[in-house]
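Quick look at my_file-v9.cif (mmCIF, C-alpha atoms):
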```cif
data_coords
#
loop_
_atom_site.label_atom_id
_atom_site.label_comp_id
_atom_site.auth_asym_id
_atom_site.auth_seq_id
_atom_site.Cartn_x
_atom_site.Cartn_y
_atom_site.Cartn_z
CA MET A 1 18.92 -165.33 78.47
CA ASN A 2 21.75 -162.96 77.59
CA TRP A 3 20.06 -162.25 74.25
CA VAL A 4 16.83 -161.26 76.01
CA LEU A 5 18.73 -158.96 78.39
CA ALA A 6 20.62 -157.34 75.51
CA ARG A 7 17.35 -156.83 73.61
CA ARG A 8 15.78 -155.13 76.61
CA ARG A 9 18.77 -152.82 76.97
CA VAL A 10 18.58 -151.85 73.30
CA VAL A 11 14.83 -151.20 73.51
CA ASN A 12 15.38 -149.15 76.68
CA ALA A 13 18.12 -147.08 75.06
CA VAL A 14 16.10 -146.46 71.90
CA SER A 15 13.06 -145.48 73.99
CA LYS A 16 15.12 -142.98 75.98
CA ILE A 17 16.51 -141.46 72.80
CA LEU A 18 13.05 -141.16 71.21
CA MET A 19 11.61 -139.60 74.37
CA GLY A 20 14.51 -137.15 74.53
CA VAL A 21 14.00 -136.18 70.88
CA ALA A 22 10.23 -135.75 71.39
CA THR A 23 10.84 -133.57 74.45
CA ALA A 24 13.38 -131.45 72.59
CA VAL A 25 10.98 -130.96 69.67
CA GLY A 26 8.15 -129.94 71.99
CA VAL A 27 10.32 -127.49 73.92
CA PHE A 28 11.74 -126.07 70.67
CA PHE A 29 8.32 -125.26 69.22
CA LEU A 30 7.14 -123.84 72.55
CA LEU A 31 10.12 -121.50 72.74
CA TRP A 32 9.73 -120.64 69.06
CA ILE A 33 6.08 -119.67 69.54
CA MET A 34 6.88 -117.59 72.62
CA TRP A 35 9.81 -115.86 70.93
CA THR A 36 7.79 -115.10 67.79
CA THR A 37 4.87 -113.62 69.70
CA LEU A 38 7.25 -111.63 71.91
CA ARG A 39 9.33 -110.36 68.98
CA PHE A 40 6.30 -109.05 67.10
CA GLY A 41 4.42 -107.97 70.20
CA ILE A 42 7.19 -106.23 72.15
CA ALA A 43 6.19 -102.92 70.55
CA GLY A 44 2.71 -103.32 71.99
CA MET A 45 3.88 -104.09 75.54
CA HIS A 46 2.76 -100.91 77.30
CA TRP A 47 1.24 -100.33 80.71
CA ASP A 48 -1.60 -98.74 78.79
CA LEU A 49 -2.41 -102.22 77.55
CA PHE A 50 -3.72 -103.09 81.03
CA ILE A 51 -5.15 -99.76 82.19
CA LYS A 52 -6.87 -98.38 79.08
CA ASP A 53 -9.70 -99.68 76.93
CA THR A 54 -9.50 -100.54 73.25
CA PRO A 55 -8.54 -97.38 71.29
CA PRO A 56 -10.62 -96.25 68.31
CA PRO A 57 -9.36 -96.95 64.78
CA GLY A 58 -6.76 -94.61 63.34
CA THR A 59 -5.16 -93.59 66.66
CA ASP A 60 -1.73 -94.52 68.05
CA SER A 61 -3.03 -95.44 71.50
CA PHE A 62 -2.77 -98.82 73.21
CA GLY A 63 -5.22 -100.50 75.55
CA LEU A 64 -6.88 -103.87 76.14
CA ARG A 65 -8.23 -103.46 79.66
CA ASN A 66 -11.78 -104.25 78.57
CA ALA A 67 -10.64 -107.40 76.76
CA PHE A 68 -8.57 -108.68 79.69
CA ALA A 69 -11.41 -108.04 82.12
CA GLY A 70 -13.90 -109.67 79.77
CA SER A 71 -11.74 -112.77 79.39
CA LEU A 72 -11.40 -113.10 83.16
CA ILE A 73 -15.18 -112.84 83.54
CA LEU A 74 -15.72 -115.48 80.85
CA LEU A 75 -13.19 -117.86 82.42
CA GLY A 76 -14.62 -117.30 85.89
CA LEU A 77 -18.17 -118.05 84.78
CA SER A 78 -16.96 -121.07 82.85
CA LEU A 79 -15.34 -122.44 86.00
CA LEU A 80 -18.51 -121.83 88.01
CA ILE A 81 -20.53 -123.77 85.44
CA GLY A 82 -18.08 -126.44 84.33
CA VAL A 83 -16.31 -127.50 87.54
CA PRO A 84 -19.40 -128.61 89.55
CA VAL A 85 -20.90 -130.44 86.55
CA GLY A 86 -17.64 -132.15 85.59
CA LEU A 87 -16.76 -133.03 89.19
CA MET A 88 -20.20 -134.51 89.93
CA ALA A 89 -20.33 -136.46 86.67
CA GLY A 90 -16.83 -137.87 87.14
CA THR A 91 -17.62 -138.78 90.74
CA TRP A 92 -20.79 -140.61 89.70
CA LEU A 93 -18.88 -142.61 87.09
CA ALA A 94 -16.17 -143.67 89.55
CA GLU A 95 -18.22 -144.12 92.73
CA TYR A 96 -21.64 -145.25 91.51
CA GLY A 97 -21.61 -146.10 87.81
CA PHE A 98 -18.46 -148.26 87.82
CA HIS A 99 -18.56 -150.36 84.63
CA SER A 100 -22.29 -150.52 84.11
CA ARG A 101 -23.75 -150.10 80.65
CA THR A 102 -24.98 -146.60 81.48
CA ALA A 103 -21.58 -145.53 82.82
CA ASN A 104 -19.74 -146.93 79.81
CA THR A 105 -22.16 -145.10 77.51
CA VAL A 106 -21.52 -141.84 79.37
CA ARG A 107 -17.75 -142.40 79.10
CA PHE A 108 -18.08 -143.06 75.35
CA ILE A 109 -20.09 -139.86 74.82
CA ASN A 110 -17.63 -137.93 76.99
CA ASP A 111 -14.71 -139.17 74.88
CA ILE A 112 -16.53 -137.97 71.76
CA MET A 113 -17.02 -134.55 73.37
CA LEU A 114 -13.30 -134.39 74.16
CA SER A 115 -12.50 -134.33 70.45
CA ALA A 116 -15.49 -132.26 69.31
CA PRO A 117 -14.48 -129.20 67.23
CA SER A 118 -14.88 -126.02 69.24
CA ILE A 119 -16.74 -124.28 66.43
CA GLU A 120 -19.51 -126.87 66.69
CA ILE A 121 -19.79 -126.19 70.41
CA GLY A 122 -20.08 -122.50 69.56
CA LEU A 123 -22.90 -123.20 67.11
CA PHE A 124 -24.66 -125.33 69.73
CA ALA A 125 -24.41 -122.56 72.33
CA TYR A 126 -25.68 -120.10 69.71
CA ALA A 127 -28.71 -122.30 69.05
CA ILE A 128 -29.66 -122.82 72.70
CA MET A 129 -28.81 -119.38 74.11
CA VAL A 130 -28.06 -116.63 71.60
CA ASP A 131 -30.95 -117.34 69.25
CA PRO A 132 -33.62 -117.58 72.01
CA MET A 133 -32.23 -114.48 73.75
CA LYS A 134 -31.99 -112.62 70.39
CA HIS A 135 -28.56 -111.18 71.24
CA PHE A 136 -24.99 -112.19 72.06
CA SER A 137 -23.89 -112.34 75.68
CA ALA A 138 -21.02 -113.22 77.98
CA LEU A 139 -23.24 -115.84 79.61
CA ALA A 140 -23.63 -117.68 76.30
CA GLY A 141 -19.87 -117.53 75.79
CA SER A 142 -19.27 -118.96 79.25
CA VAL A 143 -21.68 -121.82 78.58
CA ALA A 144 -19.83 -122.65 75.35
CA LEU A 145 -16.46 -122.63 77.10
CA ALA A 146 -17.85 -124.68 80.00
CA ILE A 147 -19.07 -127.33 77.56
CA LEU A 148 -15.53 -127.58 76.21
CA MET A 149 -14.12 -127.84 79.74
CA ILE A 150 -16.54 -130.36 81.23
CA PRO A 151 -15.35 -133.50 79.32
CA ILE A 152 -11.76 -132.90 80.49
CA ILE A 153 -12.82 -132.58 84.13
CA VAL A 154 -15.13 -135.60 83.87
CA ARG A 155 -12.40 -137.80 82.40
CA THR A 156 -9.76 -136.67 84.88
CA THR A 157 -12.05 -136.99 87.91
CA ASP A 158 -13.20 -140.45 86.84
CA GLU A 159 -9.65 -141.72 86.34
CA MET A 160 -8.22 -140.15 89.50
CA LEU A 161 -11.00 -141.49 91.74
CA SER A 162 -10.66 -144.92 90.14
CA LEU A 163 -7.01 -144.97 91.23
CA VAL A 164 -7.96 -144.50 94.90
CA GLY A 165 -7.65 -147.86 96.66
CA ASN A 166 -10.82 -149.59 97.81
CA ASP A 167 -9.19 -150.25 101.18
CA MET A 168 -9.54 -146.53 101.99
CA ARG A 169 -13.24 -146.63 101.18
CA GLU A 170 -13.76 -149.83 103.15
CA ALA A 171 -11.94 -148.43 106.18
CA ALA A 172 -14.15 -145.32 106.18
CA ILE A 173 -17.33 -147.37 105.76
CA ALA A 174 -16.22 -149.68 108.60
CA LEU A 175 -16.05 -146.63 110.87
CA GLY A 176 -19.69 -145.90 110.05
CA ALA A 177 -19.18 -143.05 107.55
CA PRO A 178 -21.99 -142.68 105.01
CA ASN A 179 -21.11 -142.86 101.32
CA SER A 180 -21.34 -139.08 100.88
CA VAL A 181 -18.76 -138.54 103.64
CA VAL A 182 -16.51 -141.25 102.19
CA ILE A 183 -16.52 -139.43 98.85
CA THR A 184 -16.01 -135.88 100.14
CA ARG A 185 -13.63 -136.62 103.01
CA VAL A 186 -11.68 -139.61 101.71
CA THR A 187 -11.70 -140.20 97.95
CA TRP A 188 -11.81 -136.54 96.91
CA ARG A 189 -8.99 -135.71 99.30
CA ALA A 190 -6.91 -138.63 98.05
CA ALA A 191 -7.44 -137.62 94.41
CA ARG A 192 -7.43 -133.84 94.88
CA ALA A 193 -4.11 -133.33 93.10
CA GLY A 194 -5.25 -135.11 89.95
CA ILE A 195 -8.68 -133.47 89.99
CA LEU A 196 -7.18 -130.01 90.41
CA THR A 197 -4.74 -130.73 87.60
CA GLY A 198 -7.65 -131.67 85.34
CA ILE A 199 -9.43 -128.41 86.19
CA LEU A 200 -6.32 -126.37 85.37
CA ILE A 201 -5.81 -128.29 82.11
CA GLY A 202 -9.44 -127.60 81.21
CA LEU A 203 -8.94 -123.91 82.00
CA ALA A 204 -5.83 -123.82 79.83
CA ARG A 205 -7.78 -125.56 77.06
CA ILE A 206 -10.44 -122.85 76.86
CA THR A 207 -8.20 -119.82 77.44
CA GLY A 208 -7.40 -119.26 73.79
CA GLU A 209 -10.62 -120.52 72.20
CA THR A 210 -11.92 -118.07 69.61
CA ALA A 211 -14.51 -119.87 67.48
CA PRO A 212 -17.09 -120.45 70.26
CA LEU A 213 -16.87 -116.82 71.35
CA LEU A 214 -17.47 -115.52 67.83
CA PHE A 215 -20.90 -117.18 67.97
CA THR A 216 -21.73 -116.29 71.57
CA ALA A 217 -19.92 -113.47 73.41
CA LEU A 218 -18.84 -111.74 70.17
CA ASN A 219 -16.92 -108.61 71.26
CA ASN A 220 -17.36 -105.16 72.75
CA GLN A 221 -15.29 -102.02 72.18
CA TYR A 222 -16.16 -100.74 75.64
CA PHE A 223 -15.63 -101.91 79.19
CA THR A 224 -18.57 -103.82 80.64
CA THR A 225 -19.28 -106.40 83.31
CA ASN A 226 -22.83 -107.13 82.21
CA VAL A 227 -22.90 -110.86 81.46
CA LEU A 228 -26.19 -110.57 79.55
CA HIS A 229 -24.62 -108.45 76.80
CA PRO A 230 -21.66 -108.87 74.42
CA ILE A 231 -18.33 -108.60 76.15
CA ALA A 232 -14.77 -107.95 75.02
CA ASN A 233 -12.34 -110.88 75.21
CA ILE A 234 -8.73 -111.52 74.27
CA PRO A 235 -9.17 -114.36 71.71
CA VAL A 236 -11.62 -112.42 69.53
CA VAL A 237 -9.57 -109.22 69.88
CA ILE A 238 -6.47 -111.09 68.68
CA PHE A 239 -8.44 -112.44 65.71
CA GLN A 240 -9.86 -109.05 64.74
CA PHE A 241 -6.77 -106.94 65.42
CA ALA A 242 -4.45 -109.31 63.56
CA LEU A 243 -6.55 -108.74 60.42
CA SER A 244 -6.77 -104.97 60.85
CA PRO A 245 -4.77 -102.49 58.72
CA TYR A 246 -3.64 -100.49 61.78
CA THR A 247 -0.09 -101.08 62.99
CA ASN A 248 -0.80 -100.49 66.68
CA TRP A 249 -3.75 -102.91 66.56
CA GLN A 250 -1.52 -105.57 65.01
CA GLN A 251 1.10 -104.96 67.71
CA MET A 252 -1.54 -105.30 70.41
CA ALA A 253 -2.72 -108.56 68.84
CA TRP A 254 0.81 -109.98 69.03
CA ALA A 255 1.24 -108.73 72.59
CA ALA A 256 -2.07 -110.27 73.65
CA ALA A 257 -1.07 -113.55 71.97
CA PHE A 258 2.18 -113.61 73.95
CA ILE A 259 0.36 -112.90 77.22
CA THR A 260 -2.13 -115.68 76.46
CA VAL A 261 0.64 -118.20 75.75
CA LEU A 262 2.42 -117.12 78.92
CA PHE A 263 -0.79 -117.51 80.93
CA VAL A 264 -1.32 -121.05 79.65
CA LEU A 265 2.31 -121.90 80.42
CA VAL A 266 1.92 -120.61 83.98
CA LEU A 267 -1.24 -122.70 84.43
CA SER A 268 0.62 -125.81 83.26
CA ILE A 269 3.55 -125.15 85.59
CA LEU A 270 1.15 -124.47 88.47
CA ALA A 271 -0.65 -127.77 87.84
CA ARG A 272 2.66 -129.65 87.88
CA TRP A 273 3.76 -127.85 91.07
CA LEU A 274 0.52 -128.64 92.86
CA VAL A 275 0.81 -132.33 91.97
CA ASP A 276 4.39 -132.49 93.21
CA ARG A 277 3.51 -130.63 96.42
CA VAL A 278 0.64 -132.96 97.26
CA GLN A 279 2.80 -136.01 96.56
CA VAL A 280 5.51 -134.69 98.88
CA GLN A 281 2.95 -134.06 101.63
CA LYS A 282 1.74 -137.64 101.34
#
```

In structure tokens, what does this structure look like?
Amino acid sequence: MNWVLARRRVVNAVSKILMGVATAVGVFFLLWIMWTTLRFGIAGMHWDLFIKDTPPPGTDSFGLRNAFAGSLILLGLSLLIGVPVGLMAGTWLAEYGFHSRTANTVRFINDIMLSAPSIEIGLFAYAIMVDPMKHFSALAGSVALAILMIPIIVRTTDEMLSLVGNDMREAAIALGAPNSVVITRVTWRAARAGILTGILIGLARITGETAPLLFTALNNQYFTTNVLHPIANIPVVIFQFALSPYTNWQQMAWAAAFITVLFVLVLSILARWLVDRVQVQK
């Protein structure tokens, strides 16, 4: 008996050490990435970056207003497309499909989509939207990003709703609530922290995607809000400016990369804060 207890203590100690080392490695690389992007991009950190559009080649100006606005439009449209689809699909799996053959098939396909290369999603969006429309557009880019986001939301919603106890559902049904009310007023509310976290993780996932946008939204040197035409966006600007021979463009690429990393970090912290807040309220 003492040998078993000693073995458990050793395994526990080793596990804590390994987890501590893994955490330290993750934090180290995160800080390294942020420091590198800040060190090379500090020269491009100007207010003009947010209030002026992309400067023409050969000038010393700074400006990425059109790219920031374009990225926000793309992310907003992606949320409008991806969140309802992912939420409904995940709800069907947890509340209606359960472990039927159809539901398990959908889960299997969804898991495949989770690991699908983003460039393939971009080619798919090009085939179904850009080629028929005969031109690139922000709408096509949003569809590509939404396709990348949907599997994350579906998986998270399915798992979070599955964790809600059946006693809550049975109590609501016993009071005469229809199934739609049970889902929207009981199970969704009970799992809202996990679902919202999945949405934020999906948003963070697509924030820096470049390959799908190269095939769909492409880029635009000018400011535009027309979703049926090419639109400027931060990931493609970083890709193009990093390869340019102009020093100020390279500095803006590093600055935009730092801002993107910072944005993703803020989303992750916000997701963790929301989960903790909801748990405290419970």

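Note that CA of Glu95 (chain A) and CA of Asn166 (chain A) are 10.5 Å apart.
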
- To one decimal in Å, tell me the separation between CA of Arg169 (chain A) and CA of Leu196 (chain A).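 Straight-line distance from CA of Arg169 (chain A) to CA of Leu196 (chain A) works out to 20.7 Å.
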
- Query: How would you write, as a ChimeraX atom specification, the residues chosen by the PyMOL selection byres ((chain A and resi 42) around 12) on this structure?
  - Reply: /A:34-41,43-47,49,248,250-259

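In terms of minimum interatomic distance to Leu214 (chain A), A:Glu120 ranks closest within A:Glu120, A:Asp53, A:Asp167, A:Asp60, counting all atoms listed in the file.
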
Could the centre and edge lengths of an axis-aligned box, enclosing all atoms of region 134-149 of chain A in the file with 3 Å extra on each side, be given in Å to one decimal as JSON?
```
{"center_x": -23.1, "center_y": -119.5, "center_z": 75.2, "size_x": 23.9, "size_y": 22.7, "size_z": 15.6}
```
